[in-house]
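K.L.:
Here it is, the structure, as structure tokens.
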Amino acid sequence: MMTRVAIAPGVILWRERFSKTEQQTLLNDVLARIKQAPFYRPVMPGSGKSFSVEESNFGPLGWISDKTGYRYQATHPVTGAAWPEMPALLIDLWREIADAPDAQCCLVNLYRQGARMGLHQDKDEKALSAPVVSVSLGDEALFRIGGETRRGPTRGVELASGDVVMFGGAARLAYHGIDRIKQGSSSLVPGGGRINLTLRRVTQTD
Ligand code: MD6
Ligand code: FE
């Protein structure tokens, strides 16, 4: 049964928003598209240090990171091809909960053994009035969320397969990250690990 949990002002968590069957359908949709737009390993701007996650994107715009910076672009940085279409289940989810024009980017993060994501803000979008919606598949993760400054109190929340988190309003620019993955806690993802799908509106639409 899905339960809606208020984590902090502007942050909503729906536990098991997607059933086991829906998770499998969504995963199949994701993996079919990954054949067209394979995971690549981004590097940090400046340092060129590799991310521990691998990434790809779906939808008209993809979020990428390379030595020159973070940006949105319509093509895969390695293959040069347009990103695959967004899975229908994700378009429907966004329309149901986001109260904003359609999402333009679905960033796909793959966490294999030992991968994590440092505290960051999602702030490369012009559409800061639209929320960010994120879906978890596979292994459980310890998600960390704080406030609008890097320092200050944070709170840890376990995210499991099928869970959906939405950040909006007061929390749109909250710092957040993934401390660690509980390797082997789910058998959904072939080869093990966790996939996170983050949906965003990028351009402003006034
Ligand atoms: C992750 N999520 O769950 C990374 N960003 O793997 C995010 O970076 C994120 O979950 C914005 C809003 C919700 C999120
Ligand atoms: Fe984020």
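We name chains A, B, ... following the order of the structure tokens; residues begin at 1 in each chain, and ligands are numbered from 1 as shown.
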Among segment 57-95 of chain A, which residues does DSSP mark as strand (DSSP E or B) when it is run on the backbone? Keep the chain and numbering as in the structure and answer as a list of chain:residue names.

P.N.:
A:Asn57, A:Phe58, A:Gly62, A:Trp63, A:Ile64, A:Ser65, A:Asp66, A:Gly69, A:Tyr70, A:Arg71, A:Tyr72, A:Gln73, A:Thr75, A:Ala82

K.L.:
Using only C-alpha atoms and all ligand atoms, determine which residues fall within 7 Å of ligand 1, then list them as a count of residues only.

P.N.:
16

K.L.:
Just checking: using only C-alpha atoms, which residue out of A:Val108, A:Leu119, A:Ile64, A:Val78 ends up closest to Arg33 of chain A?

P.N.:
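Residue with the minimum atom-to-atom distance to Arg33 of chain A: A:Val108.
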
K.L.:
Between atom CA of Ile34 of chain A and atom CA of Leu61 of chain A, measure the distance and give it in Å to one decimal.

P.N.:
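So the two atoms, atom CA of Ile34 of chain A and atom CA of Leu61 of chain A, lie 15.4 Å apart.
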
K.L.:
As an exercise, work out the distance from atom CA of Gln113 of chain A to atom CA of Gly193 of chain A in Å and give it to one decimal place.

P.N.:
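Straight-line distance from atom CA of Gln113 of chain A to atom CA of Gly193 of chain A works out to 6.4 Å.
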
K.L.:
Set the distance at 6 Å and use only C-alpha atoms: which residues neighbour segment 155-161 of chain A once local chain neighbours fewer than 6 positions away are removed? I'd like the list as a list in words.

P.N.:
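Listing them by chain and then by number gives Ser136, Leu137, Gly138, Glu140, Ala141, Leu142, Phe143, Arg144 and Ile145 of chain A.
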
K.L.:
Could those selected residues go to a file with N, CA, C and O atoms, as a tab-separated table (two decimals), in the first residue's frame?

P.N.:
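The result, written out as result_37.tsv:
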chain	number	residue	atom	x	y	z
A	136	SER	N	12.87	5.69	-7.23
A	136	SER	CA	13.93	4.73	-6.90
A	136	SER	C	13.55	3.33	-7.37
A	136	SER	O	12.40	2.90	-7.18
A	137	LEU	N	14.52	2.62	-7.95
A	137	LEU	CA	14.33	1.22	-8.35
A	137	LEU	C	15.52	0.40	-7.86
A	137	LEU	O	16.67	0.84	-7.98
A	138	GLY	N	15.26	-0.78	-7.33
A	138	GLY	CA	16.35	-1.67	-6.94
A	138	GLY	C	16.76	-1.50	-5.49
A	138	GLY	O	15.90	-1.28	-4.62
A	140	GLU	N	17.95	-0.56	-1.76
A	140	GLU	CA	17.63	0.56	-0.86
A	140	GLU	C	18.81	1.51	-0.77
A	140	GLU	O	19.97	1.12	-0.92
A	141	ALA	N	18.49	2.77	-0.50
A	141	ALA	CA	19.52	3.81	-0.38
A	141	ALA	C	19.26	4.64	0.86
A	141	ALA	O	18.11	4.79	1.29
A	142	LEU	N	20.33	5.19	1.42
A	142	LEU	CA	20.18	6.18	2.48
A	142	LEU	C	20.32	7.56	1.85
A	142	LEU	O	21.40	7.96	1.42
A	143	PHE	N	19.16	8.24	1.76
A	143	PHE	CA	19.06	9.58	1.16
A	143	PHE	C	19.26	10.59	2.29
A	143	PHE	O	18.78	10.37	3.40
A	144	ARG	N	19.98	11.68	2.01
A	144	ARG	CA	20.20	12.70	3.03
A	144	ARG	C	19.68	14.03	2.54
A	144	ARG	O	19.90	14.39	1.39
A	145	ILE	N	18.95	14.73	3.38
A	145	ILE	CA	18.41	16.02	2.98
A	145	ILE	C	18.62	17.06	4.07
A	145	ILE	O	18.44	16.77	5.25

K.L.:
Skip Tyr72 of chain A itself and residues of its chain fewer than 3 positions away, then list as a PyMOL selection string all residues within 9 Å of it, counting only C-alpha atoms.

P.N.:
chain A and resi 61-65+105+124-125+202

K.L.:
When you count only C-alpha atoms, which of these residues is closest to Ala32 of chain A: A:Gly147, A:Gly48, A:Pro131, A:Pro84?

P.N.:
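Of the candidates, the smallest distance to Ala32 of chain A is held by A:Pro84.
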
K.L.:
Rounded to one decimal, what separation in Å do you get between atom CA of Val11 of chain A and atom CA of Asp99 of chain A?

P.N.:
14.4 Å

K.L.:
When you look at Gly168 of chain A with a cut-off of 10 Å (counting only C-alpha atoms), what residues show up, excluding the ones that are within fewer than 3 positions of it in the same chain? I need them as a list of chain:residue names.

P.N.:
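Residues meeting the cut-off are A:Pro9, A:Gly10, A:Val11, A:Ile12, A:Ala98, A:Leu128, A:Ser129, A:Ala130, A:Pro131, A:Val132, A:Val133, A:Ala171, A:Arg172, A:Leu173, A:Ala174.
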
K.L.:
Grab the residues selected above and save them as a tab-separated table (two decimals), in the first residue's frame with C-alpha atoms.

P.N.:
chain	number	residue	atom	x	y	z
A	9	PRO	CA	8.28	21.59	4.14
A	10	GLY	CA	8.16	21.07	0.37
A	11	VAL	CA	9.37	17.44	0.47
A	12	ILE	CA	6.88	14.61	-0.03
A	98	ALA	CA	3.88	17.94	-10.23
A	128	LEU	CA	12.70	26.69	-10.34
A	129	SER	CA	8.96	27.00	-9.73
A	130	ALA	CA	8.49	23.41	-10.98
A	131	PRO	CA	9.31	20.63	-8.52
A	132	VAL	CA	11.80	17.80	-8.99
A	133	VAL	CA	10.37	14.28	-8.87
A	171	ALA	CA	12.62	22.62	-0.58
A	172	ARG	CA	13.33	23.12	-4.29
A	173	LEU	CA	16.90	24.20	-3.55
A	174	ALA	CA	17.52	21.98	-0.53

K.L.:
Between A:Arg41, A:Arg200, A:Arg71, A:His120, which has the minimum distance to ligand 2 (counting only C-alpha atoms and all ligand atoms)?

P.N.:
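Closest to ligand 2, using only C-alpha atoms and all ligand atoms: A:His120.
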
K.L.:
Counting only C-alpha atoms and all ligand atoms, figure out which residue out of A:Gly69, A:Gly46, A:Gly118, A:Pro60 gets nearest to ligand 2.

P.N.:
A:Gly118
